[in-house]
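final-v1.pdb follows; it contains PDB, C-alpha atoms.
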```
ATOM      1  CA  MET A 256     124.680  71.441  82.026
ATOM      2  CA  ASN A 257     125.864  69.048  84.653
ATOM      3  CA  LEU A 258     124.120  68.285  87.942
ATOM      4  CA  LYS A 259     126.394  70.606  89.932
ATOM      5  CA  SER A 260     125.556  73.572  87.703
ATOM      6  CA  ASN A 261     121.846  72.831  87.914
ATOM      7  CA  LEU A 262     121.943  72.634  91.702
ATOM      8  CA  LEU A 263     123.928  75.856  91.938
ATOM      9  CA  ALA A 264     121.484  77.688  89.655
ATOM     10  CA  LEU A 265     118.505  76.349  91.618
ATOM     11  CA  SER A 266     119.985  77.379  94.965
ATOM     12  CA  LEU A 267     120.714  80.905  93.678
ATOM     13  CA  VAL A 268     117.121  81.306  92.490
ATOM     14  CA  PHE A 269     115.773  79.975  95.789
ATOM     15  CA  THR A 270     117.943  82.114  98.074
ATOM     16  CA  SER A 271     117.456  85.303  96.065
ATOM     17  CA  SER A 272     113.689  85.178  96.622
ATOM     18  CA  ILE A 273     113.963  84.894 100.407
ATOM     19  CA  SER A 274     114.271  88.016 102.544
ATOM     20  CA  LEU A 275     116.665  87.679 105.419
ATOM     21  CA  ALA A 276     115.090  87.020 108.786
ATOM     22  CA  GLY A 277     115.764  89.725 111.302
ATOM     23  CA  GLU A 278     114.430  92.184 113.813
ATOM     24  CA  TYR A 279     112.809  95.408 112.589
ATOM     25  CA  THR A 280     111.305  98.352 114.428
ATOM     26  CA  LYS A 281     108.682 101.058 113.916
ATOM     27  CA  ASP A 282     107.059 103.722 116.066
ATOM     28  CA  ILE A 283     103.328 103.037 116.154
ATOM     29  CA  VAL A 284     100.172 103.983 118.043
ATOM     30  CA  ILE A 285      97.914 101.100 119.059
ATOM     31  CA  ASP A 286      94.427 101.119 117.562
ATOM     32  CA  ARG A 287      93.031  98.005 119.252
ATOM     33  CA  LEU A 288      94.015  94.756 120.918
ATOM     34  CA  HIS A 289      92.593  91.326 120.059
ATOM     35  CA  PRO A 290      93.404  88.806 122.820
ATOM     36  CA  ILE A 291      92.979  85.182 121.723
ATOM     37  CA  SER A 292      92.409  82.237 124.053
ATOM     38  CA  ILE A 293      94.915  79.489 124.752
ATOM     39  CA  SER A 294      92.480  77.164 122.956
ATOM     40  CA  ARG A 295      90.850  78.253 119.699
ATOM     41  CA  PRO A 296      89.808  75.147 117.747
ATOM     42  CA  ALA A 297      88.391  77.229 114.884
ATOM     43  CA  ASN A 298      91.830  78.674 114.141
ATOM     44  CA  THR A 299      94.631  76.766 115.842
ATOM     45  CA  SER A 300      97.360  78.938 114.310
ATOM     46  CA  MET A 301      95.982  81.884 116.280
ATOM     47  CA  GLN A 302      96.006  80.677 119.873
ATOM     48  CA  ASP A 303      97.522  81.998 123.071
ATOM     49  CA  LEU A 304      98.457  85.429 121.734
ATOM     50  CA  THR A 305      97.260  89.012 121.433
ATOM     51  CA  ARG A 306      97.053  90.605 118.011
ATOM     52  CA  VAL A 307      98.013  94.279 118.203
ATOM     53  CA  TYR A 308      96.498  96.522 115.515
ATOM     54  CA  PHE A 309      98.097  99.878 114.651
ATOM     55  CA  THR A 310      96.400 103.191 113.843
ATOM     56  CA  GLN A 311      98.675 103.621 110.801
ATOM     57  CA  SER A 312     100.584 101.320 108.498
ATOM     58  CA  ALA A 313     103.947 100.180 109.826
ATOM     59  CA  GLY A 314     105.250  99.789 106.259
ATOM     60  CA  TRP A 315     106.532  96.278 106.875
ATOM     61  CA  ALA A 316     105.303  94.681 103.625
ATOM     62  CA  ASP A 317     108.802  94.847 102.151
ATOM     63  CA  ILE A 318     110.154  92.654 104.977
ATOM     64  CA  GLY A 319     107.316  90.126 104.744
ATOM     65  CA  CYS A 320     105.267  91.295 107.723
ATOM     66  CA  ARG A 321     101.682  92.485 107.817
ATOM     67  CA  ASN A 322     101.482  96.307 107.779
ATOM     68  CA  ASP A 323      98.652  96.866 110.245
ATOM     69  CA  ALA A 324      99.305  94.331 113.024
ATOM     70  CA  ALA A 325     101.787  92.269 115.016
ATOM     71  CA  ASP A 326     101.346  89.371 117.437
ATOM     72  CA  LEU A 327     102.382  89.237 121.089
ATOM     73  CA  LEU A 328     102.659  85.789 122.659
ATOM     74  CA  ALA A 329     100.740  85.271 125.908
ATOM     75  CA  THR A 330     103.956  84.202 127.621
ATOM     76  CA  ASP A 331     105.313  87.752 127.162
ATOM     77  CA  GLU A 332     103.274  89.114 130.087
ATOM     78  CA  HIS A 333     105.852  91.786 130.914
ATOM     79  CA  LEU A 334     105.378  93.259 127.424
ATOM     80  CA  MET A 335     101.580  93.195 127.703
ATOM     81  CA  SER A 336     101.624  95.650 130.613
ATOM     82  CA  ILE A 337     103.610  98.120 128.487
ATOM     83  CA  LEU A 338     101.183  97.651 125.583
ATOM     84  CA  LEU A 339      98.200  98.339 127.831
ATOM     85  CA  VAL A 340      99.704 101.578 129.132
ATOM     86  CA  ALA A 341     100.554 102.763 125.626
ATOM     87  CA  TRP A 342      97.083 101.825 124.340
ATOM     88  CA  THR A 343      95.102 103.485 127.147
ATOM     89  CA  THR A 344      97.149 106.706 126.914
ATOM     90  CA  SER A 345      97.364 106.720 123.086
ATOM     91  CA  LYS A 346     101.137 107.093 123.388
ATOM     92  CA  SER A 347     103.499 106.155 120.598
ATOM     93  CA  ILE A 348     105.470 102.999 121.239
ATOM     94  CA  LYS A 349     108.425 101.464 119.456
ATOM     95  CA  VAL A 350     107.567  97.919 118.369
ATOM     96  CA  TYR A 351     110.238  95.394 117.429
ATOM     97  CA  VAL A 352     109.188  92.424 115.290
ATOM     98  CA  ASP A 353     111.072  89.477 113.857
ATOM     99  CA  ASN A 354     110.085  88.552 110.312
ATOM    100  CA  GLY A 355     111.327  85.019 110.904
ATOM    101  CA  LEU A 356     108.756  84.515 113.682
ATOM    102  CA  LYS A 357     105.152  84.408 112.471
ATOM    103  CA  PRO A 358     102.796  82.536 114.825
ATOM    104  CA  ASP A 359     100.082  82.302 112.145
ATOM    105  CA  GLY A 360     102.382  82.336 109.115
ATOM    106  CA  GLU A 361     101.497  85.909 108.126
ATOM    107  CA  VAL A 362     101.755  88.336 111.048
ATOM    108  CA  CYS A 363     105.174  88.905 112.614
ATOM    109  CA  GLN A 364     105.812  88.362 116.299
ATOM    110  CA  ILE A 365     106.618  91.214 118.680
ATOM    111  CA  THR A 366     110.023  90.594 120.254
ATOM    112  CA  ALA A 367     110.526  93.838 122.215
ATOM    113  CA  LEU A 368     108.859  97.160 123.034
ATOM    114  CA  MET A 369     110.066 100.606 124.025
ATOM    115  CA  VAL A 370     107.853 103.383 125.322
ATOM    116  CA  ASN A 371     108.622 106.665 123.570
TER     117      ASN A 371
END
```
Output the structure of this file as structure tokens.
Amino acid sequence: MNLKSNLLALSLVFTSSISLAGEYTKDIVIDRLHPISISRPANTSMQDLTRVYFTQSAGWADIGCRNDAADLLATDEHLMSILLVAWTTSKSIKVYVDNGLKPDGEVCQITALMVN
């Protein structure tokens, strides 16, 4: 095989194992919130965000996201107020995550919310 064929074969193998980044949504009920300080030296990949845990699995494993949680950045203050209302009333909420955005490399970032 020549170099071109080898590179083509390698790129096909590489791209076939990557799921496409995109926004996904699920209706969930919030179990608990885990706010994390702007400075957390013990775990610098988990700083300045709130981890939102769900009462049931979101079924996101197939898109590369953790099933039981998603992360909300501290800068998304307008979304936090909606989360707090949904959590305190135990209301279902539609959570949008992007599997290309993972603040800690594992848990997907919340990009939008909708109260049901």
| field | Residue members of the PyMOL selection byres ((chain A and resi 339) around 12) in the file shown, as a list in words | value | Val284, Ile285, Asp286, Arg287, Leu288, His289, Pro290, Thr305, Val307, Glu332, His333, Leu334, Met335, Ser336, Ile337, Leu338, Val340, Ala341, Trp342, Thr343, Thr344, Ser345, Lys346, Ser347, Ile348, Leu368 and Val370 of chain A
| request: For the structure shown, which residues end up in the PyMOL selection byres ((chain A and resi 318) around 9)? Put them as a VMD selection string, please? | output: chain A and resid 274 to 277 279 314 to 317 319 to 321 354
Take the residues from that selection and put them in a file with C-alpha atoms, as an mmCIF file, in the coordinates of the input.
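See again.cif below for the written result:
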```
data_model
loop_
_atom_site.group_PDB
_atom_site.id
_atom_site.type_symbol
_atom_site.label_atom_id
_atom_site.label_comp_id
_atom_site.auth_asym_id
_atom_site.auth_seq_id
_atom_site.Cartn_x
_atom_site.Cartn_y
_atom_site.Cartn_z
ATOM 1 C CA SER A 274 114.271 88.016 102.544
ATOM 2 C CA LEU A 275 116.665 87.679 105.419
ATOM 3 C CA ALA A 276 115.090 87.020 108.786
ATOM 4 C CA GLY A 277 115.764 89.725 111.302
ATOM 5 C CA TYR A 279 112.809 95.408 112.589
ATOM 6 C CA GLY A 314 105.250 99.789 106.259
ATOM 7 C CA TRP A 315 106.532 96.278 106.875
ATOM 8 C CA ALA A 316 105.303 94.681 103.625
ATOM 9 C CA ASP A 317 108.802 94.847 102.151
ATOM 10 C CA GLY A 319 107.316 90.126 104.744
ATOM 11 C CA CYS A 320 105.267 91.295 107.723
ATOM 12 C CA ARG A 321 101.682 92.485 107.817
ATOM 13 C CA ASN A 354 110.085 88.552 110.312
#
```
| request: Take CA of Asp326 (chain A) and CA of Ser312 (chain A) and report the distance between them in Å, one decimal. | output: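 Pair CA of Asp326 (chain A) / CA of Ser312 (chain A) returns 14.9 Å.
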| Target residues per the PyMOL selection byres ((chain A and resi 292) around 6), formatted as a list in words |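 Answer for the PyMOL selection byres ((chain A and resi 292) around 6): Ile291, Ile293, Ser294, Gln302 and Asp303 of chain A.
Between CA of Arg306 (chain A) and CA of Leu327 (chain A) lies a distance of 6.3 Å.
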| request: Choose the residue, out of A:Asn298, A:Val350, A:Leu304, A:Thr310, that has the smallest atom-to-atom separation from Asp282 (chain A); count all atoms listed in the file. | output: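 The answer is A:Val350, which sits nearest to Asp282 (chain A).
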